[in-house]
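Note sheet for the following structure.
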2 protein chains.
Amino acid sequence: MKKLTLFTVLVFSQLALRAQQNTLNLMPAPKSIVTADAKFRLTNKFAVFVKGPKDDTMLYKAVNRACQVLNRKTGLAFGLKYISPADTLTGAQMQVAEQAKAKPAIGLDESYELKVNENSIVLSAANTIGVLHGLQTLVQLVGLDDKGYYLHVVAIDDSPRFKWRGLMIDAARHFVSFEEIEHNIDAMAAVKLNVLHWHLTDDEGFRVESKIFPLLQEKGSNGDYYTQAQIKEIVAYARDRGIIVVPEFDMPGHSQSWFAGYPELASLPGPYHPGLRGQWQQEHPDPNAPKGGSIADIIANMVAPTFDPTNEKLYVFLDKFIGEMTNLFPSGYMHIGADENNGMAWKKNPAIVAWMKDHQIASTDELQRYYVDRVYAILKKHQRKLIGWEEIFNEKLPKDAIVHKWIPESNGMIKSYGKTSDFTSHGNPVLISVGFYTDVFMPAYIHYQNQVLQGLNDPQVLGGEAAQWTELADNENIDGRIWPRTAAIAERLWSPESVNDIEDMYRRLFVFNHQLDEQGFPHIANYERALRRLSNGGPIETIKTLTDVLSPVRGYKKLIGNMMKAPQASYQTTPLTAVSDIIPVESEMKRKFRALVKLYLEKHDKDAENAIRTYLMVWQQNDTQIEPLFAGNKRLSEIQDHSKNLASAAAIGLDALERADKGINDAAWVQKSSAQLDTYAKPHYETEIAVIPEIAELVIGHVVAEPESYPQF
Amino acid sequence: MKKLTLFTVLVFSQLALRAQQNTLNLMPAPKSIVTADAKFRLTNKFAVFVKGPKDDTMLYKAVNRACQVLNRKTGLAFGLKYISPADTLTGAQMQVAEQAKAKPAIGLDESYELKVNENSIVLSAANTIGVLHGLQTLVQLVGLDDKGYYLHVVAIDDSPRFKWRGLMIDAARHFVSFEEIEHNIDAMAAVKLNVLHWHLTDDEGFRVESKIFPLLQEKGSNGDYYTQAQIKEIVAYARDRGIIVVPEFDMPGHSQSWFAGYPELASLPGPYHPGLRGQWQQEHPDPNAPKGGSIADIIANMVAPTFDPTNEKLYVFLDKFIGEMTNLFPSGYMHIGADENNGMAWKKNPAIVAWMKDHQIASTDELQRYYVDRVYAILKKHQRKLIGWEEIFNEKLPKDAIVHKWIPESNGMIKSYGKTSDFTSHGNPVLISVGFYTDVFMPAYIHYQNQVLQGLNDPQVLGGEAAQWTELADNENIDGRIWPRTAAIAERLWSPESVNDIEDMYRRLFVFNHQLDEQGFPHIANYERALRRLSNGGPIETIKTLTDVLSPVRGYKKLIGNMMKAPQASYQTTPLTAVSDIIPVESEMKRKFRALVKLYLEKHDKDAENAIRTYLMVWQQNDTQIEPLFAGNKRLSEIQDHSKNLASAAAIGLDALERADKGINDAAWVQKSSAQLDTYAKPHYETEIAVIPEIAELVIGHVVAEPESYPQF
């Protein structure tokens, strides 16, 4: 057997990748596409003529950006100057035509047509937003073959399935920098998402500057907040890329950081400071409170800082604050959170209890309803549509309030407030984030198959949002938490429901992943930087060989585990630099290896078998190479067990290949080896070896379907 | 011979690196340091108590930043909350004490003392700036051994040699984003630089928002400029890190972009638009103008857009503009450029010639003098000290104008306006950038040995500045153009002149380089991303093995070569994604290899010989591995010749080792092999193989001193 190196396999993958680039790598897949066996060749003569309103600066900026992406990708040096409305290059190879100027908005005509012929390209759309989408498709069409860079000849007719396609970023628990938000907007635009839902306030931080109430950010943020100038910049940056920004101010719970500066708004006396939800309770111990219990009990009994809805001054405050924010966020929507208020802070205040009695409000749920009604009226005055998490839903909820579905049915921890159909049949528009939580460490295919959206054609369902909470994500690792998996969610929201081939999705997902990287998105760079930090500036090759096949444990295990172990320790003061924090949520190597294993087991493909063997040999040999790096390096040593286990698992895999080649059928060996592999599958320090299932498939000799779901808790 | 892999060598280097970390890696080296053979152990109990003015927010922010750097680097999870003036941790392991609050300013007491004992750390300084410097030293002291992370026990007493230690960034030729400027400020602070000289306007772009004259940025920038809000943020960001920001508005030449919006300020009629210097001349051809000639001739004869100094309205305009800018840049300095005005635009305008006659101004040099005097008066009114490039110097120049020395003596291209001593003896303060131009692709040791600073103790010399012009640098590659070499310049400006060991400088430089990377500086990440782009998303290992030992050609060869070849082609529309653009200016691998070759040839070190052999074998084998990636990839193919040549050169090196081992002395072989290596040393596509001199040393059997200089042109 020829001894291959990992590089050889990677070149093999690279050539395979190149072969794939002879097919189309569009993500999200368009509504309709007709291809021909011909290519448009990119040369340094490439030029673009724009036909559209001369004052559509968004259009010209977008065309210039796309040209520069092509220019940098291909290195062809088009020699294009900045394309402006004064240009008269009517004979240019590419024509961009739009009928009307438009700013991003929900429900706009987002369609476009893109026709690539051998000698010309025509992109046409009803408005600016359609052009923007078409330019993203154009960039994804570029391929490289032995003759150079080209675009496939295609005719694409495209428009989205849902009109609201969002990404929620929690900038409160860990602050997410201005530049990271911009990076995410770029990535969103690349997969045709159109709503950035920005979770700006929570217990842990108040992240937006108020000039009317400056103590909000001064006392509530430890200095990490967005200035109004920055907010305006982000909103304009997003608008230029076809994206509206919807701010979320989470109230009446999740509001501890507001009270650091304005304790008079709270249900219970302070002092307050930004931090974990449970903090106030720890600092104000109640000897009569129930102790310990399950996570569900702790959540149910926690006295978490909450607005006092009986205080008329609160509504005066909110009217002014919301008025101020309306000037920063021109989209017609505002998200008021309203989630996870268990009413405990209200029950503990005798004045609130008395007020409820006076006003014949029977329960804290009813009191929350009263509060939401009051806020609804304030938003109405400021011409903003109210969005709230599903806790806002009740029979009297105004029908133009948008209900944001997030709680999975029968999850064993939190009760749902209704199914999607309960909300729509009441007449409320609905957004879906259930099944799209990217912080739960699920593989992309789980989100991709989101059952809540299956067969859903109700126009009351506006669409959905990926949601990234940031207990375990910070400025350095958040990119790899959100992306590339969010591209699979974007496809689910954009493409026809019939687009559902998981293998093809993964193939395109990782091509897209490299496109993101190429255009400056920092996720791969940050992962490798974090490895260099782990190795203290030394080489990372062998470390990466191991970490490339690790995944963080699925579900909220790390978060909840840490909370139970050391409730005092804050995820805000623990650096997110452990292996479980820095590795991609989904192992690309695992998907590649899985595809090879499938090819080998189902088609008896010899090349696949050789490549599998090389992977296994590299993994087997890696442990001895990595060994010298562990000494003294406590954090790196967290993967020492995995290193040994991967080597042993690889040895079993090699054995399996050899037995298969020799036609040996030994049930006892299969049983013993499978049991052995089970022990290697166990997590260590919140990571697990992602390729154990595939090695197990080699042992049993056939492919096993992947789980349809994993437990969240 | 045991067959080693590149990884083994890298681990060897890593272990060597770790060994080095038992010595000190401070950069710049402090004035005085006393070490002891003992260590302070970092644990999760680490905490800091700050003694200083409660209202010194800069101080608290800096301490928190440093703690988070340590926390992330070590992964120890100190559990530190945000350190605030309210804290009373008087028993904390580390104490930070300052006597007075200070903002950055030139001439401030910047000294600090840092005492690390086995159980305590004390950092004390006269003011905030000293504390900031001390915190940077603290972070650099962290090392890792088999027991974990530690700080060496030391007593450091430190203060700078020069009071002005700057970095000039040209944000005009290529726009440099807000975030890149912040990254550079972080890097500057890490090596105790204290002035960001921001070249904001030039022919190619007007990069700052004026609210009084909005056409400056609207017509002069293609949309790439800093808003006033961003400028304020940058200035505050720099201030928090001990750095003042000095803006440069380059006038009366280098001013084409101003005229796009305000053509009435120019000496000759428009229209104008931002772009290359020679553009106006191309668009307004003069049949009588001299054609062609050498670069020097072209420069001497170019009619470049220039302010009309005879227009009184110009001074009204400048008074308003400078007044507006003064509000954005609170430092007491303003740089007015005033370089490279050959007077041709004035000579071509009969009205200006007539005006000169009327006012008895005999030459365009005198007219420029008149202009500088007028601008000096405006700056004086706005309480700003004038800085200009050395062209401002003349016998009547006011003595408080600062002369910025940039032209090397007898460079064969441009005449110098005087030596440093000419300027100081006239009474003018001087800044030195000659010898510190980082855009000339020189190795760090050349800058480090800058002869202009040798023996210089004149207090009239304020200090100096690294200078990065951006014809060939853009937002993606500028970091690797400026850093890490600027750290060597920073050391020259901060440390005592006696610190001048080149080998030790390089050792520390690359440790610092990894520190930059670890703290989020993007240069290594951008290099590797650019390689991934070159390889079209495929594996980069073998490409990197080659590019890691390449360097861009020294001097302005690429820039001038391109200009002569295709004067129409703009460096603004050519993507800087070629190998010559993306590789580090200085090969770390070359310095490592050189150190090994020295050890082997001078000390006959056997380990070094083995490591050299491994490097050579890897280089020899790399060509066949990289070969499959070239097909169709035109840009990658630019290094195909180098790939073959490196393999052949490595074979010669291996032959040399074997002949030395066997004691073979063959003058003919030496001569033939040396001649062969000379051919491999030739540049291809503006890069060259950096390790040819070391392989040649193996052939001749002894180390050769490196050149003291390289030609700039």
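In the structure tokens, the first chain shown is A, the next is B, and so on; residue numbers restart at 1 for each chain, and ligands run from 1 in the order shown.
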What are the nearest atom pairs, with distances in Å to one decimal, for all residues of chain B that come at most 8 Å from chain A, using only C-alpha atoms, set out by chain and rising residue number as JSON lines?
```
{"residue": "B:Phe7", "atom": "CA", "partner": "A:Glu541", "partner_atom": "CA", "distance": 7.3}
{"residue": "B:Thr8", "atom": "CA", "partner": "A:Gln625", "partner_atom": "CA", "distance": 7.9}
{"residue": "B:Leu10", "atom": "CA", "partner": "A:Pro539", "partner_atom": "CA", "distance": 6.0}
{"residue": "B:Val11", "atom": "CA", "partner": "A:Pro539", "partner_atom": "CA", "distance": 6.6}
{"residue": "B:Ser13", "atom": "CA", "partner": "A:Gly538", "partner_atom": "CA", "distance": 7.7}
{"residue": "B:Gln14", "atom": "CA", "partner": "A:Gly538", "partner_atom": "CA", "distance": 4.8}
{"residue": "B:Leu17", "atom": "CA", "partner": "A:Gly538", "partner_atom": "CA", "distance": 7.7}
{"residue": "B:Gln68", "atom": "CA", "partner": "A:Pro575", "partner_atom": "CA", "distance": 8.0}
{"residue": "B:Asn71", "atom": "CA", "partner": "A:Pro575", "partner_atom": "CA", "distance": 6.4}
{"residue": "B:Arg72", "atom": "CA", "partner": "A:Pro575", "partner_atom": "CA", "distance": 5.4}
{"residue": "B:Lys73", "atom": "CA", "partner": "A:Arg533", "partner_atom": "CA", "distance": 6.6}
{"residue": "B:Gly75", "atom": "CA", "partner": "A:Pro575", "partner_atom": "CA", "distance": 6.3}
{"residue": "B:Ala77", "atom": "CA", "partner": "A:Thr574", "partner_atom": "CA", "distance": 4.8}
{"residue": "B:Phe78", "atom": "CA", "partner": "A:Thr574", "partner_atom": "CA", "distance": 7.3}
{"residue": "B:Gly79", "atom": "CA", "partner": "A:Thr573", "partner_atom": "CA", "distance": 5.4}
{"residue": "B:Leu80", "atom": "CA", "partner": "A:Thr573", "partner_atom": "CA", "distance": 6.2}
{"residue": "B:Lys81", "atom": "CA", "partner": "A:Thr573", "partner_atom": "CA", "distance": 6.3}
{"residue": "B:Tyr82", "atom": "CA", "partner": "A:Asn222", "partner_atom": "CA", "distance": 7.2}
{"residue": "B:Leu144", "atom": "CA", "partner": "A:Gly632", "partner_atom": "CA", "distance": 7.3}
{"residue": "B:Asp145", "atom": "CA", "partner": "A:Gly632", "partner_atom": "CA", "distance": 5.9}
{"residue": "B:Asp146", "atom": "CA", "partner": "A:Gly632", "partner_atom": "CA", "distance": 3.7}
{"residue": "B:Lys147", "atom": "CA", "partner": "A:Gly632", "partner_atom": "CA", "distance": 4.8}
{"residue": "B:Gly148", "atom": "CA", "partner": "A:Gly632", "partner_atom": "CA", "distance": 4.7}
{"residue": "B:Glu179", "atom": "CA", "partner": "A:Glu179", "partner_atom": "CA", "distance": 6.9}
{"residue": "B:Asn222", "atom": "CA", "partner": "A:Tyr82", "partner_atom": "CA", "distance": 7.2}
{"residue": "B:Ala229", "atom": "CA", "partner": "A:Ala229", "partner_atom": "CA", "distance": 6.4}
{"residue": "B:Val511", "atom": "CA", "partner": "A:Gly537", "partner_atom": "CA", "distance": 7.8}
{"residue": "B:His514", "atom": "CA", "partner": "A:Gly537", "partner_atom": "CA", "distance": 5.8}
{"residue": "B:Gln515", "atom": "CA", "partner": "A:Gly537", "partner_atom": "CA", "distance": 7.8}
{"residue": "B:Asp517", "atom": "CA", "partner": "A:Arg529", "partner_atom": "CA", "distance": 6.9}
{"residue": "B:Glu518", "atom": "CA", "partner": "A:Arg533", "partner_atom": "CA", "distance": 5.6}
{"residue": "B:Gly520", "atom": "CA", "partner": "A:Arg529", "partner_atom": "CA", "distance": 7.8}
{"residue": "B:Ala525", "atom": "CA", "partner": "A:Ala525", "partner_atom": "CA", "distance": 5.1}
{"residue": "B:Asn526", "atom": "CA", "partner": "A:Ala525", "partner_atom": "CA", "distance": 7.7}
{"residue": "B:Glu528", "atom": "CA", "partner": "A:Ala525", "partner_atom": "CA", "distance": 7.9}
{"residue": "B:Arg529", "atom": "CA", "partner": "A:Glu518", "partner_atom": "CA", "distance": 6.4}
{"residue": "B:Ala530", "atom": "CA", "partner": "A:Glu518", "partner_atom": "CA", "distance": 7.3}
{"residue": "B:Arg532", "atom": "CA", "partner": "A:Glu518", "partner_atom": "CA", "distance": 7.2}
{"residue": "B:Arg533", "atom": "CA", "partner": "A:Glu518", "partner_atom": "CA", "distance": 5.6}
{"residue": "B:Leu534", "atom": "CA", "partner": "A:Lys73", "partner_atom": "CA", "distance": 7.9}
{"residue": "B:Asn536", "atom": "CA", "partner": "A:Leu144", "partner_atom": "CA", "distance": 7.8}
{"residue": "B:Gly537", "atom": "CA", "partner": "A:His514", "partner_atom": "CA", "distance": 5.8}
{"residue": "B:Gly538", "atom": "CA", "partner": "A:Gln14", "partner_atom": "CA", "distance": 4.9}
{"residue": "B:Pro539", "atom": "CA", "partner": "A:Leu10", "partner_atom": "CA", "distance": 6.0}
{"residue": "B:Glu541", "atom": "CA", "partner": "A:Phe7", "partner_atom": "CA", "distance": 7.4}
{"residue": "B:Thr542", "atom": "CA", "partner": "A:Phe7", "partner_atom": "CA", "distance": 8.0}
{"residue": "B:Ala569", "atom": "CA", "partner": "A:Gly79", "partner_atom": "CA", "distance": 6.6}
{"residue": "B:Ser570", "atom": "CA", "partner": "A:Gly79", "partner_atom": "CA", "distance": 7.4}
{"residue": "B:Thr573", "atom": "CA", "partner": "A:Gly79", "partner_atom": "CA", "distance": 5.4}
{"residue": "B:Thr574", "atom": "CA", "partner": "A:Ala77", "partner_atom": "CA", "distance": 4.8}
{"residue": "B:Pro575", "atom": "CA", "partner": "A:Arg72", "partner_atom": "CA", "distance": 5.4}
{"residue": "B:Leu576", "atom": "CA", "partner": "A:Arg72", "partner_atom": "CA", "distance": 7.6}
{"residue": "B:Thr577", "atom": "CA", "partner": "A:Gly75", "partner_atom": "CA", "distance": 6.4}
{"residue": "B:Ala578", "atom": "CA", "partner": "A:Gly75", "partner_atom": "CA", "distance": 7.1}
{"residue": "B:Gln625", "atom": "CA", "partner": "A:Thr8", "partner_atom": "CA", "distance": 7.9}
{"residue": "B:Ala631", "atom": "CA", "partner": "A:Asp146", "partner_atom": "CA", "distance": 5.2}
{"residue": "B:Gly632", "atom": "CA", "partner": "A:Asp146", "partner_atom": "CA", "distance": 3.7}
{"residue": "B:Asn633", "atom": "CA", "partner": "A:Gly148", "partner_atom": "CA", "distance": 6.0}
{"residue": "B:Lys634", "atom": "CA", "partner": "A:Gly148", "partner_atom": "CA", "distance": 7.1}
{"residue": "B:Arg635", "atom": "CA", "partner": "A:Gly75", "partner_atom": "CA", "distance": 6.8}
```
TODO: Identify all residues of stretch 130-309 of chain A in helix (DSSP H, G or I) (DSSP on the backbone) and supply them as a PyMOL selection string.
DONE: chain A and resi 130-141+178-190+215-220+228-240+256-261+263-265+279-283+295-301
- [ ] With a distance cut-off of 12 Å and only C-alpha atoms, select the neighbouring residues of A:Ile298, excluding the residue or stretch itself and same-chain residues fewer than 6 positions from it, and output the selection as a ChimeraX atom specification.
- [x] /A:277-278,281,289-292,304,342,344,413-414,560,563-564,567
TODO: Would you list the contacts of A:Lys592 as a ChimeraX atom specification, taking every protein, DNA or RNA residue within 10 Å and counting only C-alpha atoms, but skipping same-chain residues closer than 3 positions in sequence?
DONE: /A:13,506-507,510,587-589,595-598,612
TODO: Would you mind listing what lies within 12 Å of B:Phe49 as a VMD selection string, with only C-alpha atoms counted and same-chain residues fewer than 6 positions away left out?
DONE: chain B and resid 59 to 60 63 to 64 67 80 82 to 98 120 to 124
Task: Shell around B:Leu493 at 10 Å using only C-alpha atoms, local window under 4 positions removed, as a ChimeraX atom specification - done: /B:28,160-166,192-193,448,453,462-465,487-489,497
Those selected residues, please, written with N, CA, C and O atoms and delivered as a PDB file, in the first residue's frame.
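Output file result-v1.pdb is given in full below:
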```
ATOM      1  N   PRO B  28       9.940  46.924  23.045  1.00  0.00           N
ATOM      2  CA  PRO B  28      11.359  47.286  23.079  1.00  0.00           C
ATOM      3  C   PRO B  28      12.023  46.929  24.414  1.00  0.00           C
ATOM      4  O   PRO B  28      11.358  46.894  25.444  1.00  0.00           O
ATOM      5  N   PRO B 160      11.840  56.207  27.864  1.00  0.00           N
ATOM      6  CA  PRO B 160      12.243  56.199  26.443  1.00  0.00           C
ATOM      7  C   PRO B 160      13.446  57.075  26.123  1.00  0.00           C
ATOM      8  O   PRO B 160      13.715  58.059  26.809  1.00  0.00           O
ATOM      9  N   ARG B 161      14.135  56.719  25.029  1.00  0.00           N
ATOM     10  CA  ARG B 161      15.240  57.541  24.521  1.00  0.00           C
ATOM     11  C   ARG B 161      14.681  58.799  23.833  1.00  0.00           C
ATOM     12  O   ARG B 161      15.179  59.884  24.049  1.00  0.00           O
ATOM     13  N   PHE B 162      13.662  58.636  22.990  1.00  0.00           N
ATOM     14  CA  PHE B 162      13.080  59.776  22.267  1.00  0.00           C
ATOM     15  C   PHE B 162      11.639  59.996  22.709  1.00  0.00           C
ATOM     16  O   PHE B 162      10.928  59.033  23.011  1.00  0.00           O
ATOM     17  N   LYS B 163      11.218  61.253  22.666  1.00  0.00           N
ATOM     18  CA  LYS B 163       9.865  61.527  23.141  1.00  0.00           C
ATOM     19  C   LYS B 163       8.808  61.408  22.051  1.00  0.00           C
ATOM     20  O   LYS B 163       7.625  61.348  22.342  1.00  0.00           O
ATOM     21  N   TRP B 164       9.220  61.373  20.778  1.00  0.00           N
ATOM     22  CA  TRP B 164       8.255  61.249  19.669  1.00  0.00           C
ATOM     23  C   TRP B 164       8.553  59.948  18.951  1.00  0.00           C
ATOM     24  O   TRP B 164       9.590  59.779  18.314  1.00  0.00           O
ATOM     25  N   ARG B 165       7.625  58.993  19.086  1.00  0.00           N
ATOM     26  CA  ARG B 165       7.829  57.673  18.486  1.00  0.00           C
ATOM     27  C   ARG B 165       6.564  57.337  17.694  1.00  0.00           C
ATOM     28  O   ARG B 165       5.548  56.948  18.256  1.00  0.00           O
ATOM     29  N   GLY B 166       6.685  57.536  16.390  1.00  0.00           N
ATOM     30  CA  GLY B 166       5.452  57.507  15.603  1.00  0.00           C
ATOM     31  C   GLY B 166       5.376  56.431  14.540  1.00  0.00           C
ATOM     32  O   GLY B 166       6.355  55.756  14.202  1.00  0.00           O
ATOM     33  N   LYS B 192       4.990  50.592  22.607  1.00  0.00           N
ATOM     34  CA  LYS B 192       5.202  51.896  23.263  1.00  0.00           C
ATOM     35  C   LYS B 192       5.419  53.039  22.282  1.00  0.00           C
ATOM     36  O   LYS B 192       6.084  54.020  22.601  1.00  0.00           O
ATOM     37  N   LEU B 193       4.878  52.933  21.082  1.00  0.00           N
ATOM     38  CA  LEU B 193       4.841  54.088  20.186  1.00  0.00           C
ATOM     39  C   LEU B 193       3.782  55.050  20.712  1.00  0.00           C
ATOM     40  O   LEU B 193       2.806  54.629  21.328  1.00  0.00           O
ATOM     41  N   TYR B 448      16.750  48.868  11.831  1.00  0.00           N
ATOM     42  CA  TYR B 448      17.257  48.807  13.216  1.00  0.00           C
ATOM     43  C   TYR B 448      18.601  49.521  13.334  1.00  0.00           C
ATOM     44  O   TYR B 448      18.915  50.118  14.349  1.00  0.00           O
ATOM     45  N   LEU B 453      20.323  57.866  13.141  1.00  0.00           N
ATOM     46  CA  LEU B 453      20.114  57.996  14.587  1.00  0.00           C
ATOM     47  C   LEU B 453      21.353  57.665  15.400  1.00  0.00           C
ATOM     48  O   LEU B 453      21.367  57.845  16.614  1.00  0.00           O
ATOM     49  N   LEU B 462      13.267  65.307  18.012  1.00  0.00           N
ATOM     50  CA  LEU B 462      12.177  64.832  18.863  1.00  0.00           C
ATOM     51  C   LEU B 462      12.080  63.317  18.858  1.00  0.00           C
ATOM     52  O   LEU B 462      11.678  62.700  19.840  1.00  0.00           O
ATOM     53  N   GLY B 463      12.428  62.733  17.723  1.00  0.00           N
ATOM     54  CA  GLY B 463      12.318  61.288  17.582  1.00  0.00           C
ATOM     55  C   GLY B 463      12.093  60.945  16.129  1.00  0.00           C
ATOM     56  O   GLY B 463      12.660  61.601  15.246  1.00  0.00           O
ATOM     57  N   GLY B 464      11.278  59.951  15.871  1.00  0.00           N
ATOM     58  CA  GLY B 464      11.087  59.541  14.487  1.00  0.00           C
ATOM     59  C   GLY B 464       9.779  58.805  14.289  1.00  0.00           C
ATOM     60  O   GLY B 464       9.005  58.610  15.222  1.00  0.00           O
ATOM     61  N   GLU B 465       9.593  58.412  13.050  1.00  0.00           N
ATOM     62  CA  GLU B 465       8.365  57.711  12.674  1.00  0.00           C
ATOM     63  C   GLU B 465       8.646  56.664  11.604  1.00  0.00           C
ATOM     64  O   GLU B 465       9.310  56.954  10.609  1.00  0.00           O
ATOM     65  N   ALA B 487       8.208  47.054  14.952  1.00  0.00           N
ATOM     66  CA  ALA B 487       8.640  46.851  16.341  1.00  0.00           C
ATOM     67  C   ALA B 487      10.146  47.084  16.480  1.00  0.00           C
ATOM     68  O   ALA B 487      10.621  47.555  17.529  1.00  0.00           O
ATOM     69  N   ALA B 488      10.907  46.775  15.439  1.00  0.00           N
ATOM     70  CA  ALA B 488      12.356  47.028  15.473  1.00  0.00           C
ATOM     71  C   ALA B 488      12.618  48.538  15.459  1.00  0.00           C
ATOM     72  O   ALA B 488      13.539  49.043  16.116  1.00  0.00           O
ATOM     73  N   ILE B 489      11.804  49.252  14.699  1.00  0.00           N
ATOM     74  CA  ILE B 489      11.933  50.717  14.672  1.00  0.00           C
ATOM     75  C   ILE B 489      11.533  51.301  16.030  1.00  0.00           C
ATOM     76  O   ILE B 489      12.206  52.198  16.557  1.00  0.00           O
ATOM     77  N   GLU B 497      20.660  53.299  23.019  1.00  0.00           N
ATOM     78  CA  GLU B 497      21.354  53.008  21.767  1.00  0.00           C
ATOM     79  C   GLU B 497      22.204  51.745  21.872  1.00  0.00           C
ATOM     80  O   GLU B 497      22.456  51.070  20.871  1.00  0.00           O
TER      81      GLU B 497
END
```
TODO: Can you work out which one of A:Phe441, A:Pro496, A:Thr310, A:Glu113 has the shortest atom-to-atom distance to A:Ile361, counting only C-alpha atoms?
DONE: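 Of the candidates, the smallest distance to A:Ile361 is held by A:Thr310.
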Open item on the list: I'd like the neighbourhood of B:Gln368 as a PyMOL selection string, where a residue qualifies if any of its atoms comes within 9 Å (using only C-alpha atoms), though same-chain residues fewer than 3 positions away should be ignored.
Closed with: chain B and resi 252+309+338+341+343+363-365+371-373+392
Open item on the list: Would you compute the distance between atom CA of A:Asp224 and atom CA of A:Val195? Give it in Å to one decimal.
Closed with: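 About the pair atom CA of A:Asp224 and atom CA of A:Val195: they are 23.4 Å apart.
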TODO: Can you work out which one of A:Arg492, A:Lys544, A:Lys385, A:Arg485 has the shortest atom-to-atom distance to A:Glu586, counting only C-alpha atoms?
DONE: A:Arg485
